[in-house]
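Before any comments, here is the structure.
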Amino acid sequence: KQEVTQIPAALSVPEGENLVLNCSFTDSAIYNLQWFRQDPGKGLTSLLLIQSSQREQTSGRLNASLDKSSGRSTLYIAASQPGDSATYLCAVQGNTPLVFGKGTRLSVIA
Amino acid sequence: GAVVSQHPSWVICKSGTSVKIECRSLDFQATTMFWYRQFPKQSLMLMATSNEGSKATYEQGVEKDKFLINHASLTLSTLTVTSAHPEDSSFYICSARDLNLAPYSNQPQHFGDGTRLSIL
């Protein structure tokens with residue numbers, strides 16, 4: 001059974017810092033991996049999707065990498081801003097629907 | 001882009017009431033839709049997979065008689081929480097993949113905005 005772990009569970013940084021969120025998964029037989037953002041009490045916003053054949057994807061200040069063989073992904077956020085404060089969820093898709101990690105709660109302090 | 005609409009976004013009701021949540025794919029067709037539940041500060045857990053024209057597949061530990069799922073068309077799935085109690089209070093969110101894009105298994109899941117259910 002696929003399990004997804006995200007570290008750290010919470011992170012607080014001053015504005016302007018670069019930061020890395022980590023995601024690991026136990027079964028490397030995946031089709032793709034997605035990073036989502038969730039604001040308190042809200043739904044999910046898809047940030048980046050990496051297909052299993054890809055190594056990384058970039059969107060603006062966000063860069064996600066995937067090492068399928070080792071079961072790891074990272075989300076890099078450059079020059080963090082207070083508006084980046086949210087919970088970031090990692091999810092993997094294999095032969096089952098998306099399996100989510102518990103998320104990293106990010107606070108960017110102005 | 002693909003849009004999934006979920007309604008209502010928020011509902012408060014008394015214990016014992018049944019509540020129906022709708023999930024619609026607005027600009028694509030979906031033979032399969034997925035229902036997730038999220039408790040406060042927890043991750044999203046898959047409850048069931050809704051299949052158009054056939055029975056839903058429930059995850060272990062999810063009561064199918066309590067969480068009734070109907071997927072009557074290629075664009076609509078409903079989740080009915082029957083005789084809801086306070087412990088059913090949670091955030092429910094649906095998602096779907098575009099039937100007509102290939103390979104299907106590799107397509108991203110598109111999510112609705114979720115329904116916050118509060119049972120008094």
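Scheme for the structure tokens: letters A, B, ... for chains in order shown; per-chain residue numbers from 1; ligand numbers from 1 in order shown.
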
**Request:** Identify all chain B residues at most 7 Å from chain A by counting only C-alpha atoms; ligands do not count. Present them as a list in words.
**Result:** Gln42, Ser43, Leu44, Asn106, Phe111, Gly112, Asp113 and Gly114 of chain B

Using C-alpha atoms, can you export the residues from the last selection as a tab-separated table (two decimals), in the first residue's frame?
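Output below, filename part-v1.tsv:
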chain	number	residue	atom	x	y	z
B	42	GLN	CA	-5.15	15.81	8.58
B	43	SER	CA	-4.53	14.80	5.01
B	44	LEU	CA	-7.09	13.85	2.40
B	106	ASN	CA	-1.64	9.32	-16.39
B	111	PHE	CA	-10.54	18.84	-7.72
B	112	GLY	CA	-13.68	20.66	-6.66
B	113	ASP	CA	-13.48	23.37	-4.01
B	114	GLY	CA	-14.81	21.04	-1.32

**Request:** Pick out each residue of chain B that DSSP on the backbone tags as strand (DSSP E or B); I need them as a ChimeraX atom specification.
**Result:** /B:4-7,10-13,19-25,32-38,44-51,57-58,67-73,76-81,90-96,110-111,115-119

Selection above as a file: C-alpha atoms, as an mmCIF file, in the first residue's frame:
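The file below, out32.cif, is the result:
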data_model
loop_
_atom_site.group_PDB
_atom_site.id
_atom_site.type_symbol
_atom_site.label_atom_id
_atom_site.label_comp_id
_atom_site.auth_asym_id
_atom_site.auth_seq_id
_atom_site.Cartn_x
_atom_site.Cartn_y
_atom_site.Cartn_z
ATOM 1 C CA VAL B 4 -14.886 20.485 -11.274
ATOM 2 C CA SER B 5 -17.773 22.186 -9.511
ATOM 3 C CA GLN B 6 -18.847 21.043 -6.054
ATOM 4 C CA HIS B 7 -22.003 22.152 -4.277
ATOM 5 C CA TRP B 10 -20.723 24.786 3.233
ATOM 6 C CA VAL B 11 -23.591 23.194 5.119
ATOM 7 C CA ILE B 12 -24.665 23.146 8.749
ATOM 8 C CA CYS B 13 -27.443 20.834 9.824
ATOM 9 C CA VAL B 19 -27.028 15.760 3.318
ATOM 10 C CA LYS B 20 -26.376 15.513 -0.424
ATOM 11 C CA ILE B 21 -23.213 16.866 -2.028
ATOM 12 C CA GLU B 22 -22.940 17.259 -5.800
ATOM 13 C CA CYS B 23 -19.802 17.020 -7.894
ATOM 14 C CA ARG B 24 -19.907 18.089 -11.550
ATOM 15 C CA SER B 25 -17.287 18.067 -14.266
ATOM 16 C CA THR B 32 -14.916 7.816 -12.589
ATOM 17 C CA MET B 33 -14.964 10.363 -9.804
ATOM 18 C CA PHE B 34 -13.222 10.210 -6.445
ATOM 19 C CA TRP B 35 -14.535 11.276 -3.053
ATOM 20 C CA TYR B 36 -12.086 12.291 -0.320
ATOM 21 C CA ARG B 37 -12.559 13.338 3.293
ATOM 22 C CA GLN B 38 -10.281 15.579 5.309
ATOM 23 C CA LEU B 44 -7.087 13.855 2.395
ATOM 24 C CA MET B 45 -8.202 10.251 2.662
ATOM 25 C CA LEU B 46 -9.927 8.502 -0.223
ATOM 26 C CA MET B 47 -13.416 7.365 0.771
ATOM 27 C CA ALA B 48 -14.719 5.865 -2.437
ATOM 28 C CA THR B 49 -14.458 5.737 -6.202
ATOM 29 C CA SER B 50 -17.655 6.587 -8.019
ATOM 30 C CA ASN B 51 -18.302 4.726 -11.285
ATOM 31 C CA THR B 57 -16.042 1.147 -4.770
ATOM 32 C CA TYR B 58 -15.540 1.981 -1.104
ATOM 33 C CA PHE B 67 -22.192 7.349 2.468
ATOM 34 C CA LEU B 68 -24.401 6.742 -0.543
ATOM 35 C CA ILE B 69 -22.817 7.482 -3.895
ATOM 36 C CA ASN B 70 -24.646 7.857 -7.177
ATOM 37 C CA HIS B 71 -22.944 8.504 -10.517
ATOM 38 C CA ALA B 72 -25.849 8.804 -12.923
ATOM 39 C CA SER B 73 -24.144 10.595 -15.797
ATOM 40 C CA LEU B 76 -22.332 14.230 -12.181
ATOM 41 C CA SER B 77 -21.644 12.255 -9.029
ATOM 42 C CA THR B 78 -23.422 12.741 -5.711
ATOM 43 C CA LEU B 79 -22.464 11.800 -2.174
ATOM 44 C CA THR B 80 -25.253 11.556 0.389
ATOM 45 C CA VAL B 81 -24.323 11.413 4.041
ATOM 46 C CA SER B 90 -15.515 17.081 7.980
ATOM 47 C CA PHE B 91 -14.325 18.574 4.716
ATOM 48 C CA TYR B 92 -15.476 16.497 1.726
ATOM 49 C CA ILE B 93 -13.853 17.008 -1.658
ATOM 50 C CA CYS B 94 -14.375 15.334 -5.004
ATOM 51 C CA SER B 95 -12.139 14.966 -8.025
ATOM 52 C CA ALA B 96 -12.259 13.588 -11.555
ATOM 53 C CA HIS B 110 -9.023 17.845 -11.031
ATOM 54 C CA PHE B 111 -10.538 18.842 -7.716
ATOM 55 C CA THR B 115 -17.788 21.006 1.029
ATOM 56 C CA ARG B 116 -17.440 21.808 4.695
ATOM 57 C CA LEU B 117 -20.038 19.796 6.586
ATOM 58 C CA SER B 118 -20.878 20.670 10.182
ATOM 59 C CA ILE B 119 -23.347 18.522 12.083
#

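Computed from the coordinates, the CA of Pro8 (chain B) to CA of Asp84 (chain A) distance equals 27.2 Å.
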
**Message:** For the helix (DSSP H, G or I) assignment from backbone DSSP, which residues of region 58-116 of chain B qualify? Please present them as a ChimeraX atom specification.
**Reply:** /B:86-88,104-106

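For region 2-11 of chain A, the list of residues within 6 Å, based on only C-alpha atoms and with local chain neighbours fewer than 4 positions off taken out, reads Asn22, Cys23, Ser24, Phe25, Thr26, Asp27, Gly101, Gly103, Thr104, Arg105 and Leu106 of chain A.
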
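Excluding Arg55 (chain A) itself and any same-chain residue fewer than 2 positions from it, the protein and nucleic acid residues within 10 Å of it, counting only C-alpha atoms, are Ile50, Gln51, Ser52, Ser53, Gln57, Ala64, Ser65, Leu66, Asp67, Lys68 and Ser73 of chain A.
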
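Minimum atom-to-atom distance to Ala29 (chain A), evaluated using only C-alpha atoms, belongs to A:Val92 out of A:Ala79, A:Val13, A:Leu48, A:Val92.
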
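Here the question is which of A:Gln81, A:Ser70, A:Asn18, A:Gln38 gets nearest to Ala110 (chain A) using only C-alpha atoms, and that residue is A:Gln81.
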
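The residue that comes closest to Arg97 (chain B), out of B:Lys64, B:Ser9, B:Ser15, B:Ala30 and on the basis of only C-alpha atoms, is B:Ala30.
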